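K.L.:
data.tsv is the file, holding TSV, C-alpha atoms:
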```tsv
chain	number	residue	atom	x	y	z
M	1	MET	CA	153.24	170.14	26.75
M	2	GLU	CA	154.54	173.35	28.30
M	3	ALA	CA	153.25	172.31	31.73
M	4	LEU	CA	155.12	169.00	31.51
M	5	TYR	CA	158.28	170.82	30.42
M	6	ALA	CA	158.01	173.31	33.30
M	7	THR	CA	157.32	170.51	35.79
M	8	ILE	CA	160.36	168.54	34.68
M	9	THR	CA	162.53	171.66	34.90
M	10	GLY	CA	161.23	172.38	38.41
M	11	VAL	CA	161.75	168.80	39.59
M	12	LEU	CA	165.31	168.78	38.26
M	13	ALA	CA	166.05	172.09	39.96
M	14	ALA	CA	164.54	170.94	43.27
M	15	CYS	CA	166.40	167.62	43.24
M	16	GLY	CA	169.63	169.38	42.27
M	17	LEU	CA	169.27	171.90	45.08
M	18	PHE	CA	168.49	169.15	47.59
M	19	LEU	CA	171.55	167.15	46.55
M	20	ALA	CA	173.80	170.22	46.44
M	21	LEU	CA	173.01	170.89	50.11
M	22	ARG	CA	174.04	167.39	51.24
M	23	GLY	CA	177.08	166.75	53.43
M	24	ARG	CA	179.04	164.43	51.13
M	25	THR	CA	180.93	165.44	48.00
M	26	PHE	CA	179.42	162.97	45.51
M	27	PRO	CA	175.80	164.12	46.07
M	28	VAL	CA	177.01	167.72	45.80
M	29	VAL	CA	178.58	167.00	42.39
M	30	VAL	CA	175.43	165.20	41.20
M	31	GLY	CA	173.29	168.08	42.52
M	32	LEU	CA	175.34	170.66	40.62
M	33	THR	CA	175.00	168.55	37.49
M	34	LEU	CA	171.21	168.33	37.90
M	35	LEU	CA	171.06	172.08	38.44
M	36	SER	CA	172.98	172.64	35.22
M	37	TYR	CA	170.53	170.34	33.39
M	38	ALA	CA	167.62	172.34	34.81
M	39	VAL	CA	169.21	175.59	33.63
M	40	ASN	CA	169.76	174.06	30.18
M	41	LEU	CA	166.09	173.08	29.95
M	42	PHE	CA	165.07	176.56	31.09
M	43	LEU	CA	167.30	178.23	28.51
M	44	PHE	CA	165.96	175.92	25.82
M	45	SER	CA	162.37	176.69	26.80
M	46	THR	CA	162.93	180.44	26.39
M	47	GLY	CA	162.89	179.89	22.64
M	48	GLY	CA	159.37	178.52	22.92
M	49	LEU	CA	158.07	175.07	22.09
M	50	ASN	CA	157.28	175.44	18.42
M	51	THR	CA	157.04	172.06	16.70
M	52	ALA	CA	155.62	173.24	13.38
M	53	ALA	CA	158.20	175.97	12.68
M	54	ALA	CA	161.38	175.70	10.68
M	55	PRO	CA	164.71	175.74	12.58
M	56	VAL	CA	166.04	178.44	10.24
M	57	ILE	CA	164.51	181.43	8.45
M	58	ASP	CA	163.13	180.45	5.05
M	59	ASP	CA	162.85	182.63	1.96
M	60	HIS	CA	159.28	183.65	2.75
M	61	GLY	CA	160.12	184.98	6.23
M	62	GLY	CA	157.45	182.89	7.90
M	63	GLN	CA	157.39	181.50	11.39
M	64	TYR	CA	160.73	180.13	12.60
M	65	THR	CA	162.36	178.89	15.79
M	66	ASP	CA	164.76	181.22	17.56
M	67	PRO	CA	168.29	179.76	17.26
M	68	LEU	CA	169.79	181.82	20.12
M	69	PRO	CA	168.52	179.61	22.99
M	70	GLN	CA	169.82	176.55	21.14
M	71	ALA	CA	173.28	178.13	20.87
M	72	LEU	CA	173.18	179.10	24.55
M	73	VAL	CA	172.26	175.54	25.54
M	74	LEU	CA	175.12	174.10	23.50
M	75	THR	CA	177.52	176.49	25.21
M	76	ALA	CA	176.03	175.67	28.62
M	77	ILE	CA	176.44	171.93	27.99
M	78	VAL	CA	180.16	172.38	27.36
M	79	ILE	CA	180.58	174.62	30.40
M	80	GLY	CA	178.55	172.20	32.56
M	81	PHE	CA	180.69	169.26	31.48
M	82	ALA	CA	183.87	171.16	32.33
M	83	MET	CA	182.44	172.21	35.70
M	84	THR	CA	181.43	168.62	36.50
M	85	ALA	CA	184.88	167.30	35.57
M	86	PHE	CA	186.54	169.97	37.72
M	87	SER	CA	184.23	169.20	40.65
M	88	VAL	CA	184.95	165.48	40.44
M	89	ILE	CA	188.71	166.05	40.34
M	90	LEU	CA	188.45	168.49	43.25
M	91	ALA	CA	186.38	166.00	45.27
M	92	ILE	CA	188.90	163.23	44.60
M	93	ARG	CA	191.76	165.45	45.72
M	94	VAL	CA	189.98	166.55	48.88
M	95	ARG	CA	189.14	162.91	49.67
M	96	GLY	CA	192.81	161.99	49.24
M	97	GLU	CA	194.15	164.82	51.40
M	98	LEU	CA	191.56	164.85	54.19
M	99	GLY	CA	190.72	161.15	54.19
M	100	SER	CA	187.00	161.90	54.22
M	101	ASP	CA	184.42	162.95	51.67
M	102	ASP	CA	182.49	165.00	54.22
M	103	VAL	CA	182.06	168.59	53.06
M	104	HIS	CA	182.63	169.98	56.58
M	105	ALA	CA	185.58	167.73	57.47
M	106	GLY	CA	188.14	170.50	56.88
M	107	ARG	CA	186.32	172.93	59.16
M	108	ALA	CA	186.35	170.54	62.11
M	109	SER	CA	190.12	170.08	61.93
M	110	GLU	CA	190.68	173.84	61.49
M	111	SER	CA	188.56	174.69	64.53
M	112	ARG	CA	190.47	172.17	66.66
M	113	GLU	CA	193.80	173.68	65.57
M	114	ASN	CA	192.62	177.21	66.37
M	115	LYS	CA	191.55	176.23	69.90
M	116	SER	CA	194.96	174.82	70.84
```
Hey, can you dump this file as structure tokens for me?
P.N.:
Amino acid sequence: MEALYATITGVLAACGLFLALRGRTFPVVVGLTLLSYAVNLFLFSTGGLNTAAAPVIDDHGGQYTDPLPQALVLTAIVIGFAMTAFSVILAIRVRGELGSDDVHAGRASESRENKS
């Protein structure tokens, strides 16, 4: 089960990195979102995959699941959603002002202005 979990985390991170390096804004936003999902899975896996343990400490002090990674993942989900919303709004604004969703469109116009 751990191998499947690690493989899924690695595939999400690889796909997110590939999309984040693309030249258009929408794949960059999707890539950042996939990277945040991969980080969430990684943080969640740091608590260990323990299916037979209680989610809280019982009276006997037996085996339990660490609640800290779960709290970190919940916080990361909220931060990831805010980052995605900000990225989408930023991409829409750049598309409206530059007329293109190409990531390097602003650099081409700046270099032409500097040459003249």
K.L.:
Mind checking which residues fall within 8 Å of region 96-101 of chain M, counting only C-alpha atoms, ignoring those fewer than 6 positions away in the same chain, and posting them as a ChimeraX atom specification?
P.N.:
/M:24-26
K.L.:
Smallest atom-to-atom distance to Asp66 (chain M): which of M:Phe44, M:Ile79, M:Thr33, M:Ser87, using only C-alpha atoms?
P.N.:
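Nearest to Asp66 (chain M): M:Phe44.
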K.L.:
Near Gly80 (chain M), within 9 Å and counting only C-alpha atoms, which residues show up once chain neighbours fewer than 6 positions away are dropped, as a ChimeraX atom specification?
P.N.:
/M:32-33,36-37
K.L.:
Can you pull out the residues contacting Gly23 (chain M)? Cut-off 10 Å, using only C-alpha atoms, and skip same-chain residues under 5 positions away; I want them as a list of chain:residue names.
P.N.:
M:Val28, M:Asp101, M:Asp102, M:Val103, M:His104, M:Ala105
K.L.:
Expressed in Å to a single decimal, how great is the separation between CA of Ala71 (chain M) and CA of Leu43 (chain M)?
P.N.:
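Value for the CA of Ala71 (chain M)-CA of Leu43 (chain M) distance: 9.7 Å.
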K.L.:
What separation in Å, quoted to one decimal, exists between CA of Leu41 (chain M) and CA of Thr9 (chain M)?
P.N.:
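One can read the CA of Leu41 (chain M) to CA of Thr9 (chain M) distance as 6.3 Å.
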K.L.:
Skipping near chain neighbours, those fewer than 6 positions away, what residues fall within 9 Å of Leu34 (chain M) using all atoms listed in the file, listed as a list of chain:residue names?
P.N.:
M:Leu12, M:Ala13, M:Ala14, M:Cys15, M:Gly16, M:Leu17, M:Leu19
